[in-house]
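Notes follow once the structure below has been shown.
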Amino acid sequence: MSSLSFPPVRVVGRGAAWYRGDCHVHSVRSGGGELTPAELALRARAAGLDFIATTEHRSAAEPGAWGHLAADDFLIVLGEEVTTKAGHWLALGLSPGQVVDWNYGAGDGLIDQCLDQVHRVGGLCVAAHPHAPYPTGDFMYSFQGFDVVEVWNGLWTSDRPWNADNEAALAEWGRSLAADIQTGSWRPAMGNSDTHLEGQIGIPHTVVFAEELSTDAILAGIRLGRSWIAESAAVKVSLTASVEGRIAGVGERLVAHGGQVEVRAAVQGVPSATVSFHTDRKVDRAALPGDGAGAVRWHTTAEDSVFVRIEVRHPDGTVAALTNPIILL
């Protein structure tokens, strides 16, 4: 089988940068999808995305279906949505033709074996929509062994009865964050569209800092939590923490040595938004201007905060963006 049947694993000439991507999409080759692979790629690029991951249900990306859609400004990562009897998860960074078994439940003792299968090829395992209100959608496995949690799946709120409960997923992830950071086992959050229908791609998507636009580099950035989630490409967010000349960004660690930490959040594209600073002890909120562009400064110490992350919400309370934490030491 020619390697040209599958997308290249690296986009040449794209160096260290923030890249936008949707790692949970379905084509007509997946149950319920209405777009062809070509239509998905076209709409992803129109939505301002730099990459997508193929995550067809229970199957690998087919040879010849995706390879020709990659370009010098667009990466396609191979993956699968593993739809088990007790929850769904994403296997990202699979080898061409690789299929991960899905025919088991939480009590069958097979989940660890399947996670290992993905990890052996350098892939990433994502707990998908952990509070999806439909049979097999509610995630019944422990997060142990998974690398990432999909806390935002599709529209933040929706009248669709099958839409994931994103508020519950975010709250669950946030509650365990401090303890997981202290034990060295925290799992970054990510957001994806779970596209099946027209008009869904990139709502939301994950913005990842990667050393280059390649499968390995993108997965490394996601694994480290060097990422944040946006409802669209119109939303731009920056979060940094600094003390005594040292500075750290999302997913990084800042050694504070007991000093006063200045946290700076800058946002564009969310009119009349509220920015909330979340730590293990409290939440502080600040309003942005009506035009949706502005910067807010906030202060803490490592003694008062194990981490800091932000959420950006519209006036109606729905989320426009959220970040992974900066860890304070």
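Letters A, B, ... go to the chains of the structure tokens in the order shown; residues in each chain start at 1; ligands are counted from 1 in the same order.
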Let's see if you can do this: from backbone DSSP, list all strand (DSSP E or B) residues in stretch 62-169 of chain A, as a PyMOL selection string. chain A and resi 71+74-84+87-92+124-127+131+138+148-153
Could you write out the selected residues, including C-alpha atoms, as a PDB file, in the first residue's frame?
ATOM      1  CA  ALA A  71      -1.902  20.572   1.976  1.00  0.00           C
ATOM      2  CA  PHE A  74      -3.345  21.790   6.486  1.00  0.00           C
ATOM      3  CA  LEU A  75      -2.567  18.645   8.504  1.00  0.00           C
ATOM      4  CA  ILE A  76      -4.754  15.558   8.851  1.00  0.00           C
ATOM      5  CA  VAL A  77      -4.162  13.340  11.895  1.00  0.00           C
ATOM      6  CA  LEU A  78      -5.333   9.718  11.731  1.00  0.00           C
ATOM      7  CA  GLY A  79      -7.628   8.551  14.514  1.00  0.00           C
ATOM      8  CA  GLU A  80     -10.759   6.679  15.545  1.00  0.00           C
ATOM      9  CA  GLU A  81     -13.721   7.203  17.853  1.00  0.00           C
ATOM     10  CA  VAL A  82     -13.741   4.049  19.941  1.00  0.00           C
ATOM     11  CA  THR A  83     -17.439   3.611  20.749  1.00  0.00           C
ATOM     12  CA  THR A  84     -17.484   1.051  23.542  1.00  0.00           C
ATOM     13  CA  GLY A  87     -18.389   5.306  26.934  1.00  0.00           C
ATOM     14  CA  HIS A  88     -16.598   6.672  23.896  1.00  0.00           C
ATOM     15  CA  TRP A  89     -12.981   7.730  23.535  1.00  0.00           C
ATOM     16  CA  LEU A  90     -10.753   9.125  20.843  1.00  0.00           C
ATOM     17  CA  ALA A  91      -7.603   7.346  19.697  1.00  0.00           C
ATOM     18  CA  LEU A  92      -5.482  10.032  17.994  1.00  0.00           C
ATOM     19  CA  LEU A 124      -3.119  10.007  22.443  1.00  0.00           C
ATOM     20  CA  CYS A 125      -6.184   8.690  24.297  1.00  0.00           C
ATOM     21  CA  VAL A 126      -9.003  11.167  24.938  1.00  0.00           C
ATOM     22  CA  ALA A 127     -12.035  10.532  27.146  1.00  0.00           C
ATOM     23  CA  HIS A 131     -21.562  13.257  30.103  1.00  0.00           C
ATOM     24  CA  ASP A 138     -22.013   8.307  29.488  1.00  0.00           C
ATOM     25  CA  VAL A 148      -6.841  14.121  27.904  1.00  0.00           C
ATOM     26  CA  VAL A 149     -10.496  14.833  28.728  1.00  0.00           C
ATOM     27  CA  GLU A 150     -12.877  16.318  26.155  1.00  0.00           C
ATOM     28  CA  VAL A 151     -14.689  18.804  28.396  1.00  0.00           C
ATOM     29  CA  TRP A 152     -16.378  20.663  25.514  1.00  0.00           C
ATOM     30  CA  ASN A 153     -18.167  18.738  22.783  1.00  0.00           C
TER      31      ASN A 153
END
Nearby residues (only C-alpha atoms) at most 7 Å from stretch 202-214 of chain A, same-chain spacing under 6 positions excluded, as an NGL selection string: :A and (9-11 or 14-22 or 44 or 47 or 75 or 154-155 or 190-193 or 221-222 or 226-232)
Requested write-out: N, CA and C atoms of the selected residues, as a PDB file, in the first residue's frame:
ATOM      1  N   VAL A   9       2.513  13.037   7.608  1.00  0.00           N
ATOM      2  CA  VAL A   9       2.448  13.283   9.047  1.00  0.00           C
ATOM      3  C   VAL A   9       3.034  14.632   9.433  1.00  0.00           C
ATOM      4  N   ARG A  10       3.511  15.395   8.447  1.00  0.00           N
ATOM      5  CA  ARG A  10       4.138  16.685   8.745  1.00  0.00           C
ATOM      6  C   ARG A  10       3.891  17.655   7.605  1.00  0.00           C
ATOM      7  N   VAL A  11       3.557  18.902   7.969  1.00  0.00           N
ATOM      8  CA  VAL A  11       3.445  19.963   6.982  1.00  0.00           C
ATOM      9  C   VAL A  11       4.780  20.696   6.949  1.00  0.00           C
ATOM     10  N   ARG A  14       6.194  24.720   8.383  1.00  0.00           N
ATOM     11  CA  ARG A  14       5.380  25.346   9.421  1.00  0.00           C
ATOM     12  C   ARG A  14       6.066  25.102  10.767  1.00  0.00           C
ATOM     13  N   GLY A  15       6.617  26.149  11.361  1.00  0.00           N
ATOM     14  CA  GLY A  15       7.394  26.018  12.592  1.00  0.00           C
ATOM     15  C   GLY A  15       6.572  26.237  13.840  1.00  0.00           C
ATOM     16  N   ALA A  16       7.242  26.608  14.926  1.00  0.00           N
ATOM     17  CA  ALA A  16       6.594  26.761  16.225  1.00  0.00           C
ATOM     18  C   ALA A  16       5.528  27.851  16.165  1.00  0.00           C
ATOM     19  N   ALA A  17       4.311  27.502  16.582  1.00  0.00           N
ATOM     20  CA  ALA A  17       3.195  28.444  16.514  1.00  0.00           C
ATOM     21  C   ALA A  17       1.992  27.852  17.240  1.00  0.00           C
ATOM     22  N   TRP A  18       0.956  28.672  17.375  1.00  0.00           N
ATOM     23  CA  TRP A  18      -0.340  28.203  17.881  1.00  0.00           C
ATOM     24  C   TRP A  18      -1.163  27.740  16.678  1.00  0.00           C
ATOM     25  N   TYR A  19      -1.634  26.493  16.723  1.00  0.00           N
ATOM     26  CA  TYR A  19      -2.384  25.906  15.627  1.00  0.00           C
ATOM     27  C   TYR A  19      -3.782  25.516  16.104  1.00  0.00           C
ATOM     28  N   ARG A  20      -4.759  25.787  15.255  1.00  0.00           N
ATOM     29  CA  ARG A  20      -6.156  25.491  15.581  1.00  0.00           C
ATOM     30  C   ARG A  20      -6.585  24.181  14.918  1.00  0.00           C
ATOM     31  N   GLY A  21      -7.229  23.309  15.702  1.00  0.00           N
ATOM     32  CA  GLY A  21      -7.641  22.041  15.123  1.00  0.00           C
ATOM     33  C   GLY A  21      -8.834  21.416  15.799  1.00  0.00           C
ATOM     34  N   ASP A  22      -9.554  20.611  15.037  1.00  0.00           N
ATOM     35  CA  ASP A  22     -10.738  19.886  15.511  1.00  0.00           C
ATOM     36  C   ASP A  22     -10.419  18.400  15.438  1.00  0.00           C
ATOM     37  N   ALA A  44     -13.316  22.847   7.147  1.00  0.00           N
ATOM     38  CA  ALA A  44     -12.362  23.058   8.240  1.00  0.00           C
ATOM     39  C   ALA A  44     -11.420  24.202   7.908  1.00  0.00           C
ATOM     40  N   ALA A  47     -13.120  27.464   8.146  1.00  0.00           N
ATOM     41  CA  ALA A  47     -13.368  27.841   9.544  1.00  0.00           C
ATOM     42  C   ALA A  47     -12.106  28.312  10.248  1.00  0.00           C
ATOM     43  N   LEU A  75      -2.989  19.969   8.039  1.00  0.00           N
ATOM     44  CA  LEU A  75      -2.567  18.645   8.504  1.00  0.00           C
ATOM     45  C   LEU A  75      -3.793  17.791   8.816  1.00  0.00           C
ATOM     46  N   GLY A 154     -19.152  19.942  20.912  1.00  0.00           N
ATOM     47  CA  GLY A 154     -20.240  20.578  20.187  1.00  0.00           C
ATOM     48  C   GLY A 154     -20.646  21.905  20.809  1.00  0.00           C
ATOM     49  N   LEU A 155     -21.825  22.392  20.428  1.00  0.00           N
ATOM     50  CA  LEU A 155     -22.332  23.639  20.994  1.00  0.00           C
ATOM     51  C   LEU A 155     -22.353  23.554  22.512  1.00  0.00           C
ATOM     52  N   MET A 190      -9.626  19.372  26.447  1.00  0.00           N
ATOM     53  CA  MET A 190      -9.689  19.771  25.046  1.00  0.00           C
ATOM     54  C   MET A 190     -11.146  19.906  24.630  1.00  0.00           C
ATOM     55  N   GLY A 191     -11.375  20.568  23.484  1.00  0.00           N
ATOM     56  CA  GLY A 191     -12.722  20.731  22.961  1.00  0.00           C
ATOM     57  C   GLY A 191     -12.753  20.438  21.481  1.00  0.00           C
ATOM     58  N   ASN A 192     -13.826  19.789  21.032  1.00  0.00           N
ATOM     59  CA  ASN A 192     -13.982  19.405  19.636  1.00  0.00           C
ATOM     60  C   ASN A 192     -15.447  19.510  19.224  1.00  0.00           C
ATOM     61  N   SER A 193     -15.677  19.551  17.922  1.00  0.00           N
ATOM     62  CA  SER A 193     -17.038  19.755  17.437  1.00  0.00           C
ATOM     63  C   SER A 193     -17.885  18.492  17.415  1.00  0.00           C
ATOM     64  N   GLY A 221       1.881  18.777  22.084  1.00  0.00           N
ATOM     65  CA  GLY A 221       1.329  19.994  22.663  1.00  0.00           C
ATOM     66  C   GLY A 221       0.055  19.739  23.429  1.00  0.00           C
ATOM     67  N   ILE A 222      -0.826  18.891  22.878  1.00  0.00           N
ATOM     68  CA  ILE A 222      -2.069  18.546  23.572  1.00  0.00           C
ATOM     69  C   ILE A 222      -1.769  17.788  24.852  1.00  0.00           C
ATOM     70  N   ARG A 226      -0.512  22.442  26.526  1.00  0.00           N
ATOM     71  CA  ARG A 226      -0.165  23.725  25.905  1.00  0.00           C
ATOM     72  C   ARG A 226      -1.274  24.085  24.932  1.00  0.00           C
ATOM     73  N   SER A 227      -2.472  24.273  25.464  1.00  0.00           N
ATOM     74  CA  SER A 227      -3.624  24.439  24.594  1.00  0.00           C
ATOM     75  C   SER A 227      -4.774  25.124  25.318  1.00  0.00           C
ATOM     76  N   TRP A 228      -5.669  25.692  24.520  1.00  0.00           N
ATOM     77  CA  TRP A 228      -6.906  26.261  25.032  1.00  0.00           C
ATOM     78  C   TRP A 228      -8.004  25.990  24.024  1.00  0.00           C
ATOM     79  N   ILE A 229      -9.244  26.254  24.401  1.00  0.00           N
ATOM     80  CA  ILE A 229     -10.396  25.889  23.576  1.00  0.00           C
ATOM     81  C   ILE A 229     -11.143  27.149  23.173  1.00  0.00           C
ATOM     82  N   ALA A 230     -11.543  27.215  21.899  1.00  0.00           N
ATOM     83  CA  ALA A 230     -12.252  28.376  21.366  1.00  0.00           C
ATOM     84  C   ALA A 230     -13.525  27.938  20.658  1.00  0.00           C
ATOM     85  N   GLU A 231     -14.555  28.772  20.745  1.00  0.00           N
ATOM     86  CA  GLU A 231     -15.799  28.451  20.055  1.00  0.00           C
ATOM     87  C   GLU A 231     -15.717  28.729  18.556  1.00  0.00           C
ATOM     88  N   SER A 232     -14.766  29.578  18.146  1.00  0.00           N
ATOM     89  CA  SER A 232     -14.571  29.860  16.727  1.00  0.00           C
ATOM     90  C   SER A 232     -13.211  30.512  16.543  1.00  0.00           C
TER      91      SER A 232
END
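Among the candidates A:His26, A:Lys236, A:His257, A:Arg246, the residue lying nearest to A:His196 is A:His26 (atoms considered: only C-alpha atoms).
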Give me every helix (DSSP H, G or I) residue in stretch 30-72 of chain A, going by DSSP on the backbone, as a ChimeraX atom specification. /A:37-46,67-69
Contacts of A:Gly122 at 8 Å or less, counting only C-alpha atoms, minus same-chain residues fewer than 3 places along, as a ChimeraX atom specification? /A:93-94,118-119,216
At what distance in Å, to one decimal, does atom CA of A:Gly245 lie from atom CA of A:Ser185?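 Rounded to one decimal, the two atoms are 28.3 Å apart.
Across the model, the gap from atom CA of A:Val250 to atom CA of A:Arg43 is 28.0 Å.
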Kindly give the distance, in Å, that separates atom CA of A:Glu39 and atom CA of A:Gly13, rounded to a single decimal.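 Value for the atom CA of A:Glu39-atom CA of A:Gly13 distance: 25.2 Å.
Compared by their closest atoms to A:Leu177, and using only C-alpha atoms, the residues A:Val296, A:Asp280, A:Val319, A:Leu329 rank with A:Asp280 nearest.
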Residues within 10 Å of A:Leu197, only C-alpha atoms, excluding chain neighbours under 3 positions, as a VMD selection string: chain A and resid 25 to 28 32 to 35 40 194 200 to 201
Those residues you just picked out, can you put them in a file as an mmCIF file, in the first residue's frame with C-alpha atoms?
data_model
loop_
_atom_site.group_PDB
_atom_site.id
_atom_site.type_symbol
_atom_site.label_atom_id
_atom_site.label_comp_id
_atom_site.auth_asym_id
_atom_site.auth_seq_id
_atom_site.Cartn_x
_atom_site.Cartn_y
_atom_site.Cartn_z
ATOM 1 C CA VAL A 25 -15.104 14.815 13.198
ATOM 2 C CA HIS A 26 -17.179 12.323 11.220
ATOM 3 C CA SER A 27 -17.656 11.971 7.474
ATOM 4 C CA VAL A 28 -20.218 9.995 5.457
ATOM 5 C CA GLY A 32 -24.545 9.654 10.956
ATOM 6 C CA GLY A 33 -22.082 11.818 9.047
ATOM 7 C CA GLU A 34 -23.413 13.790 6.078
ATOM 8 C CA LEU A 35 -20.206 15.353 4.698
ATOM 9 C CA LEU A 40 -14.998 18.270 5.812
ATOM 10 C CA ASP A 194 -17.993 16.061 17.059
ATOM 11 C CA GLN A 200 -20.692 22.096 12.938
ATOM 12 C CA ILE A 201 -16.971 21.924 12.115
#
Selected residue of minimal separation from A:Val99 among A:His299, A:Arg187, A:His57, A:Lys282, counting only C-alpha atoms: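 Of all the options, A:His57 lies closest to A:Val99.
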With distances taken over only C-alpha atoms, which of A:Trp298, A:Trp66, A:Trp186, A:Tyr104 is nearest to A:Gln144? A:Trp186
Within 7 Å of A:Ala169, counting only C-alpha atoms, which residues show up once you throw out same-chain ones fewer than 3 positions away? Write them as a VMD selection string, please. chain A and resid 130 to 131 151 165 to 166 172 to 173
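Nearest residue to A:Ala217, choosing from A:Asp108, A:Thr36, A:Ala286, A:Phe51 and counting only C-alpha atoms: A:Phe51.
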The residue from A:Pro96, A:Gly105, A:Pro271, A:Pro188 with the smallest atom-to-atom distance to A:Ile326, counting only C-alpha atoms, is A:Pro188
